[in-house]
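Notes follow once the structure below has been shown.
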Amino acid sequence: MVRRILVALAAAVMLSQGVALYGLAGLPELAGVLGVSFVLLVLVPRRGAAVSVVGSFFIATLLVWGMISGLGLYDKSCYRPDQMLVTYDIGLDGQRHVPNASVTMVQPFGDMGAMSADAAVPRVPREVLFRTDALGFRNDADLAREDVILIGDSFIQGSGNTQEDTLAAVLRSDYGIPSYAMGAPGDLVDYVARAKAHAANHQAPVLVFLFEGNDFARYDGKVRRLPERYVRRMHATDIGKFFRLQMARFKDTEEAAHVRVMPMQGQPMAFYGPYVEETRREQSKAGPRFEPLVQSLAGLADAVFFIPAKYRVYAPLMGAAPLPEADWLLLKNACDAAGIPCHNLTEPMREAAAALWTESGRLLWWPDDTHWNRNGVDVAARVVADVLNDMAR
């Protein structure tokens, strides 16, 4: 009986591990696979045949994984370089990128161009160099003591822009401010983890950036346990990323409905619907963990910056009604309570957007992307440089 249980358990673990590698199941589903398969394998009359089937499935999964990695099928499916390099740090429970890597490619469109096949969505090809350092963040050199640390998500990573057009690179080249970007997909939980891991004893200022679009509607009180971290690690393998990317493409028809094209005096510009709706909220959806997370940045962060969504910046130019500021007010109040200076990029962005559009019909955002182009980065860099200069006085 003991041998039967051990064999059934080993086969159930093998089955659930194989399922996990495909990256399509979360912890609850995998726990269900483990539990149900264990019970069935204990009770099934022809257990040997069942175990053989499970073993064959697991071996086949490993072969598929090897084929995807060996032929570079995941990389060939990506439309931007950061997708190729993204990985998962189980210690910090967050994403970053493959260390000491460099990829150059022509990115055919921005993130909204990828979501929708609608010909009305403008698409702007651009050549993008994406280079990482020893920690797996997008920098040309490793972290130094004198570097100002920038912590955030894809805006700090520089999604959609080539290496020299990232915020850290512009601060360094245009303002002589040595800067280091800790940018990778994530949220305030990840930003706090990065600050605690890398910025606790850092000599230069540490700046944290929160994006209105996707950094607020979360923090419901749940903390990921170690098994959940393990599942996320499986999702970050080549086979997991490949199948998750294919599933995301099946969902693109759903996502396409969220891409809205709004012309600016005849020039089409795409906006992401959920981010537009976020700007219209009368009350922030940030959950109960948000303010304690901001509080935990006290003593780590020297300043926090609010990055507005594209629609918030361009709404006045499109004749839209004034928008509420629920997320900004929540962040400002939380920062005030924590004793951390907080800065809103909205007005500088709006002023620059209006001036640039009036002068030359140019934009601060890529027309097919939710991220800044170099013009937007320049505005953010000017504001950040002014804040740092004030701090130094």
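Each chain in the structure tokens gets a letter, A, B, ..., in the order shown, and its residues are numbered from 1; ligands are numbered from 1 in order too.
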
Just want the 8 Å neighbourhood of Thr237 of chain A, counted on only C-alpha atoms, with same-chain residues fewer than 3 positions away dropped. Output as number ranges by chain. A: 21, 87, 233-234, 240-241

For Phe109 of chain A, please output as a list of chain:residue names all residues within 12 Å (counting only C-alpha atoms; exclusion window: fewer than 4 positions along the same chain).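 Selected residues are A:Cys78, A:Tyr79, A:Arg80, A:Met105, A:Gly113, A:Ala114, A:Met115, A:Ser116, A:Ala117, A:Val121, A:Pro122, A:Arg123, A:Val124, A:Pro125, A:Arg126, A:Glu127, A:Val128, A:Ser159, A:Gly160, A:Asn161, A:Ala270, A:Trp366, A:Pro367, A:Asp368, A:Asp369, A:Thr370, A:His371.
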
Residue with the minimum atom-to-atom distance to Val2 of chain A, picked from A:Arg194, A:Ala353, A:Val42, A:Val261 with only C-alpha atoms counted, is A:Val42

In segment 220-376 of chain A, what's alpha helix (DSSP H) per DSSP? Answer as a ChimeraX atom specification? /A:226-235,238-250,252-256,273-279,290-295,310-314,326-338,346-360,374-376

Applying 12 Å and only C-alpha atoms, which residues near Ile68 of chain A remain after dropping the ones on its own chain fewer than 5 positions away? List them as an mmCIF file with N, CA, C and O atoms, in the first residue's frame.
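Contents of out.cif, as written:
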data_model
loop_
_atom_site.group_PDB
_atom_site.id
_atom_site.type_symbol
_atom_site.label_atom_id
_atom_site.label_comp_id
_atom_site.auth_asym_id
_atom_site.auth_seq_id
_atom_site.Cartn_x
_atom_site.Cartn_y
_atom_site.Cartn_z
ATOM 1 N N TYR A 22 3.659 24.354 -19.073
ATOM 2 C CA TYR A 22 2.985 24.983 -20.208
ATOM 3 C C TYR A 22 2.533 26.405 -19.891
ATOM 4 O O TYR A 22 2.108 27.130 -20.786
ATOM 5 N N THR A 61 6.558 16.726 -22.856
ATOM 6 C CA THR A 61 6.633 18.145 -22.470
ATOM 7 C C THR A 61 8.072 18.624 -22.480
ATOM 8 O O THR A 61 8.374 19.714 -22.968
ATOM 9 N N LEU A 62 8.981 17.808 -21.936
ATOM 10 C CA LEU A 62 10.397 18.178 -21.940
ATOM 11 C C LEU A 62 10.935 18.291 -23.362
ATOM 12 O O LEU A 62 11.740 19.188 -23.668
ATOM 13 N N LEU A 63 10.479 17.403 -24.255
ATOM 14 C CA LEU A 63 10.922 17.465 -25.649
ATOM 15 C C LEU A 63 10.400 18.733 -26.334
ATOM 16 O O LEU A 63 11.117 19.382 -27.102
ATOM 17 N N LEU A 73 11.783 29.371 -30.906
ATOM 18 C CA LEU A 73 10.422 29.658 -31.349
ATOM 19 C C LEU A 73 9.776 30.782 -30.539
ATOM 20 O O LEU A 73 8.971 31.549 -31.075
ATOM 21 N N TYR A 74 10.119 30.861 -29.247
ATOM 22 C CA TYR A 74 9.528 31.940 -28.460
ATOM 23 C C TYR A 74 10.026 33.293 -28.950
ATOM 24 O O TYR A 74 9.232 34.216 -29.180
ATOM 25 N N ASP A 75 11.336 33.416 -29.117
ATOM 26 C CA ASP A 75 11.904 34.690 -29.582
ATOM 27 C C ASP A 75 11.308 35.103 -30.919
ATOM 28 O O ASP A 75 11.029 36.288 -31.161
ATOM 29 N N LYS A 76 11.085 34.144 -31.804
ATOM 30 C CA LYS A 76 10.548 34.449 -33.126
ATOM 31 C C LYS A 76 9.092 34.892 -33.056
ATOM 32 O O LYS A 76 8.579 35.500 -34.002
ATOM 33 N N SER A 77 8.434 34.604 -31.938
ATOM 34 C CA SER A 77 7.032 34.996 -31.771
ATOM 35 C C SER A 77 6.888 36.383 -31.167
ATOM 36 O O SER A 77 5.776 36.913 -31.109
ATOM 37 N N THR A 237 9.629 30.083 -17.985
ATOM 38 C CA THR A 237 10.481 29.242 -18.829
ATOM 39 C C THR A 237 10.134 29.507 -20.293
ATOM 40 O O THR A 237 9.081 30.074 -20.609
ATOM 41 N N ASP A 238 10.990 29.071 -21.209
ATOM 42 C CA ASP A 238 10.724 29.292 -22.635
ATOM 43 C C ASP A 238 9.402 28.661 -23.060
ATOM 44 O O ASP A 238 8.630 29.261 -23.818
ATOM 45 N N ILE A 239 9.136 27.452 -22.578
ATOM 46 C CA ILE A 239 7.905 26.783 -22.976
ATOM 47 C C ILE A 239 6.689 27.488 -22.369
ATOM 48 O O ILE A 239 5.666 27.673 -23.029
ATOM 49 N N GLY A 240 6.821 27.919 -21.117
ATOM 50 C CA GLY A 240 5.721 28.629 -20.474
ATOM 51 C C GLY A 240 5.433 29.948 -21.164
ATOM 52 O O GLY A 240 4.282 30.294 -21.445
ATOM 53 N N LYS A 241 6.494 30.715 -21.456
ATOM 54 C CA LYS A 241 6.305 32.007 -22.121
ATOM 55 C C LYS A 241 5.733 31.818 -23.527
ATOM 56 O O LYS A 241 4.894 32.604 -23.978
ATOM 57 N N PHE A 242 6.174 30.769 -24.220
ATOM 58 C CA PHE A 242 5.700 30.532 -25.579
ATOM 59 C C PHE A 242 4.199 30.270 -25.597
ATOM 60 O O PHE A 242 3.451 30.889 -26.365
ATOM 61 N N PHE A 243 3.739 29.361 -24.743
ATOM 62 C CA PHE A 243 2.315 29.022 -24.763
ATOM 63 C C PHE A 243 1.450 30.139 -24.189
ATOM 64 O O PHE A 243 0.321 30.352 -24.651
#

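Non-sequential neighbours of segment 274-287 of chain A (distance at most 9 Å, separation of 6 or more positions within a chain, only C-alpha atoms) are Glu212, Gly213, Asn214, Asp215, Phe216, Ala217, Arg218, Tyr219, Asp220, Gly221, His258, Val259, Pro308, Ala309, Lys310, Tyr311, Arg312, Leu323, Pro324, Glu325, Ala326, Asp327, Trp328, Leu329, Leu330 and Thr370 of chain A.
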